[in-house]
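These notes are about the structure you will find just below.
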Amino acid sequence: MPEDSIHITPVPDQKVTAVLGNHLRGHFPRHAHHSLVLGMVDSGVRRIEMGRSAFLVHPGELFVIPPQQGHRCTSENHQPHTYRVLCLPPDTVPVLKHLPTPLVESPEASELFQCYFKLIPPEPHSLPEREQIISELLLAVVTHCQPTPFPPEQQRPLHPGILAAMTAIAKTPSAEHSLDDLAQIACLSKFHLQRLFVTQTGMSPADYRLQCRISRALHLIVSGTPLTEAGLACGFADQSHFTRAFRHAVGVPPGRFLHHNPPEPSSKG
């Protein structure tokens with residue numbers, strides 16, 4: 001049976017990150033990305049839940065997740081699936097902020113996506129070709145996605161209290177950040193904070209705290225921090241809690257992630 005794994009390849013000259021997820025199954029909790037995410041399923045079926053709608057992505061189909069769009073992903077029927085993803089800077093295509101569907105029904109975009117991955121890992125001499133592909137890929141995506149206006153509840157900027165709560169969590173994700181503490185920071189009641197947080201971000205405060213912890217853990221691991229230290233530094237009580245949360249969020253346990261994404265020699269120590 002193929003081993004489940006995640007491979008991350010930075011493309012620094014384009015501020016892009018390429019991700020390959022092999023043979024992953026299970027449920028990924030509600031979260032959001034800072035990046036614009038373009039992905040393709042290679043085998044199996046991926047289920048994407050956005051708002052109250054669910055979409056199935058089949059092999060060869062392309063999907064897009066706008067920056068800060070709360071969503072949940074699963075492998076359909078708990079069967080393994082393999083996918084590739086490109087994470088681009090959030091302001092790459094400002095019009096792709098709210099979409100009626102994550103599915104991109106464009107053979108042209110799908111072909112360009114696959115052409116880009118043929119140039120991964122990147123070589124300096126391929127930069128002009130990669131830039132041309134990304135430009136044409138994004139044009140094809142915008143042409144076929146039919147972006148729509150934000151729903152009324154998401155048209156307004158983040159409530160100052162929600163922004164303050166998110167900033168506190170992101171600054172110290174290892175802290176407990178109880179709903180009482182966050183409500184005090186936001187100058188809102190606990191009920192109002194919880195409801196408004198979910199409405200404006202698509203996640204609960206607890207979901208967002210977990211996302212920040214896992215994001216921090218990923219950074220520490222690829223920087224060479226030992227796994228036990230990384231888990232404790234991110235607020236997990238012990239290694240078993242860290243391993244369970246990491247696998248739930250990323251798709252593989254931290255040890256396997258490290259095996260396939262070892263730190264650069266200069267990062268160790």
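Letters A, B, ... go to the chains of the structure tokens in the order shown; residues in each chain start at 1; ligands are counted from 1 in the same order.
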
If we count only C-alpha atoms and set the cut-off at 12 Å, which residues sit around Ser240 in chain A, ignoring sequence neighbours fewer than 2 positions away in its own chain? Please answer as JSON, numbers by chain.
{"A": [227, 228, 231, 232, 236, 237, 238, 242, 243, 244, 245, 246, 247, 253, 254, 255]}

Can those selected residues be exported to a file as an mmCIF file, in the first residue's frame so that it contains N, CA and C atoms?
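To be explicit, this is the file written out as selection25.cif:
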```cif
data_model
loop_
_atom_site.group_PDB
_atom_site.id
_atom_site.type_symbol
_atom_site.label_atom_id
_atom_site.label_comp_id
_atom_site.auth_asym_id
_atom_site.auth_seq_id
_atom_site.Cartn_x
_atom_site.Cartn_y
_atom_site.Cartn_z
ATOM 1 N N LEU A 227 10.834 17.562 17.190
ATOM 2 C CA LEU A 227 9.380 17.445 17.213
ATOM 3 C C LEU A 227 8.789 17.674 18.599
ATOM 4 N N THR A 228 9.413 17.104 19.627
ATOM 5 C CA THR A 228 8.883 17.277 20.978
ATOM 6 C C THR A 228 8.886 18.748 21.377
ATOM 7 N N GLY A 231 6.118 20.707 19.481
ATOM 8 C CA GLY A 231 4.783 20.512 20.028
ATOM 9 C C GLY A 231 4.558 21.306 21.298
ATOM 10 N N LEU A 232 5.515 21.258 22.202
ATOM 11 C CA LEU A 232 5.389 22.001 23.455
ATOM 12 C C LEU A 232 5.376 23.499 23.219
ATOM 13 N N PHE A 236 0.753 22.390 22.847
ATOM 14 C CA PHE A 236 0.186 21.059 23.015
ATOM 15 C C PHE A 236 0.717 20.445 24.310
ATOM 16 N N ALA A 237 -0.175 19.814 25.064
ATOM 17 C CA ALA A 237 0.183 19.333 26.399
ATOM 18 C C ALA A 237 1.240 18.243 26.362
ATOM 19 N N ASP A 238 1.200 17.395 25.353
ATOM 20 C CA ASP A 238 2.178 16.321 25.243
ATOM 21 C C ASP A 238 2.276 15.893 23.788
ATOM 22 N N PHE A 242 -0.146 16.477 20.327
ATOM 23 C CA PHE A 242 0.447 17.155 19.176
ATOM 24 C C PHE A 242 0.339 16.287 17.921
ATOM 25 N N THR A 243 0.707 15.014 18.048
ATOM 26 C CA THR A 243 0.670 14.108 16.894
ATOM 27 C C THR A 243 -0.745 13.964 16.352
ATOM 28 N N ARG A 244 -1.712 13.816 17.241
ATOM 29 C CA ARG A 244 -3.103 13.650 16.817
ATOM 30 C C ARG A 244 -3.619 14.902 16.113
ATOM 31 N N ALA A 245 -3.356 16.072 16.694
ATOM 32 C CA ALA A 245 -3.830 17.317 16.082
ATOM 33 C C ALA A 245 -3.124 17.587 14.753
ATOM 34 N N PHE A 246 -1.822 17.319 14.715
ATOM 35 C CA PHE A 246 -1.045 17.557 13.499
ATOM 36 C C PHE A 246 -1.552 16.668 12.367
ATOM 37 N N ARG A 247 -1.744 15.394 12.665
ATOM 38 C CA ARG A 247 -2.205 14.478 11.615
ATOM 39 C C ARG A 247 -3.607 14.870 11.147
ATOM 40 N N PRO A 253 1.317 12.285 10.284
ATOM 41 C CA PRO A 253 1.908 12.626 11.590
ATOM 42 C C PRO A 253 3.174 13.455 11.411
ATOM 43 N N PRO A 254 3.578 14.196 12.438
ATOM 44 C CA PRO A 254 4.734 15.086 12.305
ATOM 45 C C PRO A 254 6.025 14.365 11.923
ATOM 46 N N GLY A 255 6.226 13.150 12.427
ATOM 47 C CA GLY A 255 7.447 12.413 12.088
ATOM 48 C C GLY A 255 7.531 12.100 10.605
#
```

Surrounding residues of Val37 in chain A excluding itself and chain neighbours under 2 positions, 8 Å, only C-alpha atoms, as number ranges by chain:
A: 33, 35, 39, 64-67, 85-88

Rank A:Ala165, A:Arg52, A:Leu258, A:Gly21 by their smallest atom-to-atom distance to Leu220 in chain A, using only C-alpha atoms, and report the top residue only.
A:Leu258

Set the distance at 9 Å and use only C-alpha atoms: which residues neighbour Glu3 in chain A once local chain neighbours fewer than 4 positions away are removed? I'd like the list as a VMD selection string.
chain A and resid 22 to 24

List every residue of range 12-236 of chain A that DSSP, applied to the backbone of this structure, places in strand (DSSP E), and write the result as a VMD selection string.
chain A and resid 16 to 24 27 to 31 36 to 43 46 to 50 53 to 57 62 to 65 71 to 75 81 to 88 103 to 104

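Taking only C-alpha atoms, the non-local environment of Leu179 in chain A within 12 Å (same-chain residues fewer than 3 positions away omitted) comprises Ala165, Ile169, Glu176, Leu182, Ala183, Gln184, Ile185, Ala186, Cys187, Leu188, Ser189, Lys190, Phe191, His192, Leu193, Gln194, Arg195, Phe197, Ser204, Pro205, Ala206 and Arg209 of chain A.
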
Find the residue from A:Val19, A:Pro29, A:Thr172, A:Thr74 that sits nearest to Arg46 in chain A; use only C-alpha atoms when measuring.
A:Thr74

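Using only C-alpha atoms, the residues found no farther than 10 Å from range 261-263 of chain A, other than those of its own chain fewer than 2 positions away, are A:Ser5, A:Ile6, A:His7, A:Ile8, A:Thr9, A:Leu220, A:Ile221, A:Val222, A:Ser223, A:Gly224, A:Thr225, A:Gly255, A:Arg256, A:Phe257, A:Leu258, A:His259, A:Pro265, A:Ser266, A:Ser267, A:Lys268.
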
Rank A:Arg47, A:Glu108, A:Val16, A:Val198 by their smallest atom-to-atom distance to Leu127 in chain A, using only C-alpha atoms, and report the top residue only.
A:Val16

Write out as a PDB file with C-alpha atoms, in the first residue's frame each polymer residue whose atoms come within 12 Å of Arg130 in chain A, counting only C-alpha atoms; drop sequence neighbours fewer than 2 positions from it.
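Result written to out27.pdb:
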```pdb
ATOM      1  CA  VAL A  11       9.444  28.355  -5.226  1.00  0.00           C
ATOM      2  CA  ASP A  13      11.627  33.380  -6.948  1.00  0.00           C
ATOM      3  CA  GLN A  14       7.834  33.496  -7.492  1.00  0.00           C
ATOM      4  CA  LYS A  15       6.705  33.507  -3.832  1.00  0.00           C
ATOM      5  CA  VAL A  16       4.876  30.254  -4.599  1.00  0.00           C
ATOM      6  CA  LEU A 112      -1.424  24.778 -17.546  1.00  0.00           C
ATOM      7  CA  PHE A 113      -1.486  23.600 -13.919  1.00  0.00           C
ATOM      8  CA  GLN A 114       0.102  20.303 -14.914  1.00  0.00           C
ATOM      9  CA  CYS A 115       2.675  22.088 -17.091  1.00  0.00           C
ATOM     10  CA  TYR A 116       3.771  24.121 -14.070  1.00  0.00           C
ATOM     11  CA  PHE A 117       4.310  21.030 -11.939  1.00  0.00           C
ATOM     12  CA  LYS A 118       6.530  19.548 -14.640  1.00  0.00           C
ATOM     13  CA  LEU A 119       8.943  22.381 -13.791  1.00  0.00           C
ATOM     14  CA  ILE A 120       9.014  21.461 -10.054  1.00  0.00           C
ATOM     15  CA  PRO A 121      11.510  21.432  -8.382  1.00  0.00           C
ATOM     16  CA  PRO A 122      12.291  24.793  -9.956  1.00  0.00           C
ATOM     17  CA  GLU A 123      15.494  25.694 -11.753  1.00  0.00           C
ATOM     18  CA  PRO A 124      16.579  29.350 -12.122  1.00  0.00           C
ATOM     19  CA  HIS A 125      16.627  29.129 -15.927  1.00  0.00           C
ATOM     20  CA  SER A 126      12.951  28.081 -15.971  1.00  0.00           C
ATOM     21  CA  LEU A 127      11.712  31.279 -14.278  1.00  0.00           C
ATOM     22  CA  PRO A 128      10.480  32.992 -17.502  1.00  0.00           C
ATOM     23  CA  GLN A 132       4.297  32.770 -18.271  1.00  0.00           C
ATOM     24  CA  ILE A 133       2.455  29.633 -17.165  1.00  0.00           C
ATOM     25  CA  ILE A 134       1.242  31.221 -13.922  1.00  0.00           C
ATOM     26  CA  SER A 135       0.023  34.292 -15.823  1.00  0.00           C
ATOM     27  CA  GLU A 136      -1.948  32.196 -18.323  1.00  0.00           C
ATOM     28  CA  LEU A 137      -3.204  29.860 -15.596  1.00  0.00           C
TER      29      LEU A 137
END
```

Contacts of Cys212 in chain A within 10 Å, only C-alpha atoms, excl. fewer than 6 positions in-chain, as a PDB file with C-alpha atoms, in the first residue's frame:
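around13.pdb, written as the output of this step:
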```
ATOM      1  CA  HIS A  31      -9.536  26.281   8.413  1.00  0.00           C
ATOM      2  CA  MET A 166      -7.394  37.104  16.003  1.00  0.00           C
ATOM      3  CA  ILE A 169      -4.320  34.326  19.082  1.00  0.00           C
ATOM      4  CA  ALA A 170      -1.846  34.666  16.211  1.00  0.00           C
ATOM      5  CA  LYS A 171       0.693  36.456  18.426  1.00  0.00           C
ATOM      6  CA  THR A 172       0.733  33.716  21.081  1.00  0.00           C
ATOM      7  CA  PRO A 173      -0.952  30.601  19.667  1.00  0.00           C
ATOM      8  CA  SER A 174       0.503  28.492  22.483  1.00  0.00           C
ATOM      9  CA  ALA A 206     -10.884  27.402  18.722  1.00  0.00           C
ATOM     10  CA  LEU A 218       5.152  23.500  10.538  1.00  0.00           C
ATOM     11  CA  CYS A 234       2.938  25.477  20.189  1.00  0.00           C
TER      12      CYS A 234
END
```

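Taking CA of Ser53 in chain A and CA of His159 in chain A as the two end points, the separation is 25.0 Å.
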
Quick one, how far is CA of Leu20 in chain A from CA of Arg84 in chain A?
4.6 Å

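Between CA of Ala230 in chain A and CA of Gly161 in chain A there is a distance of 29.8 Å.
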
Residue with smallest distance to Val141 in chain A - pool A:Glu229, A:Pro157, A:Gly202, A:Leu62, counting only C-alpha atoms:
A:Leu62

DSSP says helix (DSSP H, G or I) for which residues of range 7-104 of chain A? Put them as a PyMOL selection string?
chain A and resi 12-14+76-78

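Take the candidates A:Gly51, A:Pro160, A:Gln211, A:Tyr83 and check each one against Ala18 in chain A using only C-alpha atoms; the shortest distance goes to A:Tyr83.
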